[in-house]
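**Q** Compact mmCIF, C-alpha atoms, file data00.txt:
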# COMPACT_ATOMS: atom_id res chain seq x y z
CA GLN A 1 0.00 0.00 0.00
CA VAL A 2 1.37 3.34 -1.04
CA GLN A 3 1.62 5.93 1.73
CA LEU A 4 2.48 9.61 1.44
CA VAL A 5 3.40 11.64 4.50
CA GLU A 6 3.79 15.41 4.29
CA SER A 7 5.75 17.51 6.73
CA GLY A 8 7.11 21.02 7.05
CA GLY A 9 3.97 23.09 7.25
CA GLY A 10 3.41 25.76 9.86
CA LEU A 11 2.89 29.42 10.57
CA VAL A 12 5.09 31.95 8.80
CA GLN A 13 5.03 35.69 8.30
CA VAL A 14 4.53 37.38 4.95
CA GLY A 15 7.70 37.18 2.91
CA GLY A 16 8.95 34.14 4.77
CA SER A 17 9.83 30.68 3.51
CA LEU A 18 8.89 27.09 4.21
CA ARG A 19 9.98 23.78 2.74
CA LEU A 20 7.45 21.01 2.54
CA SER A 21 8.52 17.39 2.27
CA CYS A 22 6.54 14.35 1.20
CA ALA A 23 7.95 10.91 1.92
CA VAL A 24 6.55 8.05 -0.13
CA SER A 25 6.58 4.43 0.96
CA GLY A 26 5.10 1.17 -0.26
CA GLY A 27 5.79 1.67 -3.93
CA THR A 28 8.48 2.30 -6.51
CA PHE A 29 9.01 6.03 -6.16
CA SER A 30 10.83 6.44 -9.46
CA VAL A 31 7.74 5.49 -11.50
CA TYR A 32 5.57 8.17 -9.90
CA ALA A 33 4.84 11.60 -11.21
CA MET A 34 4.38 13.82 -8.16
CA GLY A 35 2.25 16.85 -7.52
CA TRP A 36 1.71 19.42 -4.82
CA PHE A 37 -1.82 20.71 -4.41
CA ARG A 38 -3.41 23.14 -2.03
CA GLN A 39 -6.94 23.77 -0.83
CA ALA A 40 -8.10 26.85 1.00
CA PRO A 41 -11.47 26.98 2.82
CA GLY A 42 -14.31 27.27 0.35
CA LYS A 43 -12.05 26.81 -2.66
CA GLU A 44 -11.31 23.94 -4.99
CA ARG A 45 -8.13 21.93 -4.70
CA GLU A 46 -5.57 23.34 -7.11
CA CYS A 47 -2.25 22.10 -8.39
CA VAL A 48 0.58 24.46 -7.54
CA ALA A 49 3.45 22.32 -8.82
CA ALA A 50 4.13 18.98 -10.44
CA ILE A 51 7.22 17.05 -11.44
CA ASN A 52 7.86 14.11 -13.72
CA ARG A 53 9.51 10.83 -12.81
CA SER A 54 13.09 11.95 -13.30
CA GLY A 55 12.67 15.48 -12.02
CA GLY A 56 13.61 17.04 -15.33
CA ARG A 57 10.18 18.40 -16.17
CA THR A 58 8.16 20.63 -13.87
CA TYR A 59 4.92 22.59 -13.85
CA TYR A 60 3.96 25.62 -11.78
CA SER A 61 0.71 27.47 -11.49
CA ASP A 62 0.86 31.14 -12.38
CA SER A 63 0.16 32.08 -8.78
CA VAL A 64 3.38 30.49 -7.50
CA LYS A 65 5.72 30.68 -10.48
CA GLY A 66 9.01 32.27 -9.51
CA ARG A 67 8.36 31.75 -5.78
CA PHE A 68 7.94 27.99 -5.35
CA THR A 69 10.27 25.22 -6.45
CA ILE A 70 9.40 21.54 -6.68
CA SER A 71 12.14 18.93 -6.57
CA ARG A 72 12.54 15.25 -5.86
CA ASP A 73 15.18 12.90 -4.53
CA ASN A 74 14.53 9.45 -5.95
CA ALA A 75 17.15 7.93 -3.66
CA LYS A 76 15.20 9.19 -0.64
CA ASN A 77 11.69 8.58 -2.03
CA THR A 78 10.88 12.19 -1.24
CA VAL A 79 9.46 15.18 -3.07
CA TYR A 80 9.92 18.72 -1.84
CA LEU A 81 8.22 22.07 -2.26
CA GLN A 82 10.37 25.08 -1.44
CA MET A 83 8.11 28.07 -0.87
CA ASN A 84 9.62 31.54 -0.80
CA SER A 85 8.14 35.04 -0.61
CA LEU A 86 5.02 33.64 0.97
CA GLU A 87 1.83 35.67 0.80
CA PRO A 88 -1.41 35.48 2.81
CA GLU A 89 -3.06 34.02 -0.30
CA ASP A 90 -0.79 30.98 0.03
CA THR A 91 -2.58 29.98 3.23
CA ALA A 92 -4.10 26.53 2.67
CA VAL A 93 -3.77 22.86 3.41
CA TYR A 94 -1.07 21.48 1.14
CA TYR A 95 -1.26 17.94 -0.18
CA CYS A 96 1.21 15.85 -2.10
CA ALA A 97 0.01 13.31 -4.63
CA ALA A 98 1.55 10.44 -6.58
CA GLU A 99 0.58 8.75 -9.80
CA PRO A 100 2.41 5.88 -11.51
CA VAL A 101 3.03 6.89 -15.11
CA SER A 102 4.56 5.15 -18.10
CA ASN A 103 5.27 8.39 -19.95
CA ILE A 104 8.52 9.67 -18.50
CA PHE A 105 7.54 13.28 -19.25
CA SER A 106 4.09 13.11 -17.65
CA ARG A 107 3.25 15.34 -14.70
CA PRO A 108 -0.51 15.59 -14.19
CA THR A 109 -1.89 18.90 -13.03
CA THR A 110 -5.42 18.01 -11.95
CA PRO A 111 -6.63 16.13 -8.86
CA GLN A 112 -8.18 13.53 -11.14
CA GLY A 113 -4.72 12.74 -12.46
CA TYR A 114 -3.53 11.30 -9.16
CA THR A 115 -4.40 8.11 -7.31
CA HIS A 116 -2.41 8.42 -4.10
CA TRP A 117 -2.65 11.31 -1.65
CA GLY A 118 -1.12 12.41 1.60
CA GLN A 119 -3.07 13.63 4.59
CA GLY A 120 -2.15 17.27 4.10
CA THR A 121 -0.16 19.84 6.05
CA GLN A 122 -1.40 23.29 7.03
CA VAL A 123 0.45 26.37 5.84
CA THR A 124 -0.60 29.68 7.34
CA VAL A 125 0.91 32.96 6.23
CA SER A 126 0.22 35.81 8.62
CA SER A 127 0.26 39.48 7.77
How does the structure come out when it is put into structure tokens?
**A**
Amino acid sequence: QVQLVESGGGLVQVGGSLRLSCAVSGGTFSVYAMGWFRQAPGKERECVAAINRSGGRTYYSDSVKGRFTISRDNAKNTVYLQMNSLEPEDTAVYYCAAEPVSNIFSRPTTPQGYTHWGQGTQVTVSS
């Protein structure tokens, strides 16, 4: 059974930084495309970043481009989300997601594109 465990969330002031981690167990990490999603109260879950199996291809939503960086360490079965210049609008529960893909370039950007999900970690940006 595949398990995803996020960590690194918390309370940070505007302009601050956080690094989220997502450790994956129970599967072959190198076959998974990985995504980071967030969901604020009353809003739909949105993809903020995604990365392909090798880490060579990434996607960022317009709202985080230039501020967030997704990366992965296939030796550690972990995907990261470095978040800089945080804004109050970044406040949400952040989820990581994994999907086994045969296309080495694939990195889904919708919730429907992922089978496995973590439990989420809260990020709160205070002004």
**Q** Which residue out of A:Ala40, A:Leu11, A:Val64, A:Cys96 has the minimum interatomic distance to Trp117 in chain A when all atoms listed in the file are used?
**A** A:Cys96
**Q** Taking into account only C-alpha atoms, which residue in the set A:Ile104, A:Ala49, A:Ile70, A:Val123 is nearest to Thr91 in chain A?
**A**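 With only C-alpha atoms as the atom set, the closest residue is A:Val123.
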**Q** Have a look at CA of Pro41 in chain A and CA of Ala92 in chain A and let me know their distance in Å, one decimal.
**A** 7.4 Å
**Q** Take CA of Thr110 in chain A and CA of Asn52 in chain A and report the distance between them in Å, one decimal.
**A**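 One can read the CA of Thr110 in chain A to CA of Asn52 in chain A distance as 14.0 Å.
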**Q** For a quick check of understanding, using only C-alpha atoms, which of A:Val14, A:Glu46, A:Gln39, A:Tyr80 has the smallest distance to Gln112 in chain A?
**A** A:Glu46
**Q** Report as an MDAnalysis selection string all protein, DNA and RNA residues lying within 9 Å of Ala50 in chain A, evaluated on all atoms listed in the file, omitting residues in the same chain fewer than 2 positions from it.
**A** chainID A and resid 33:37 47:48 52 57:60 70:71 107:109
**Q** Might you pull out every residue within 9 Å of Phe29 in chain A, with all atoms listed in the file counted and same-chain residues fewer than 2 positions away left off, and present them as a list in words?
**A**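 The contact residues come out as Val24, Ser25, Gly26, Gly27, Val31, Tyr32, Ala33, Arg53, Asn74, Ala75, Lys76, Asn77, Thr78, Ala98 and Pro100 of chain A.
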**Q** Nearest to Ala97 in chain A: which of A:Gly66, A:Arg19, A:Gly118, A:Ser85 is it, counting all atoms listed in the file?
**A**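 Among the listed residues, the smallest separation from Ala97 in chain A belongs to A:Gly118.
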**Q** Mind pulling up the distance from CA of Arg38 in chain A to CA of Tyr94 in chain A?
**A**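 One can read the CA of Tyr94 in chain A to CA of Arg38 in chain A distance as 4.3 Å.
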**Q** Nearest to Thr69 in chain A: which of A:Ser102, A:Val5, A:Glu44, A:Leu20 is it, counting all atoms listed in the file?
**A**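 Residue with the minimum atom-to-atom distance to Thr69 in chain A: A:Leu20.
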**Q** Using all atoms listed in the file, which of A:Val93, A:Val101, A:Cys22, A:Leu86 sits nearest Tyr114 in chain A?
**A**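 Closest to Tyr114 in chain A of all the choices is A:Val101.
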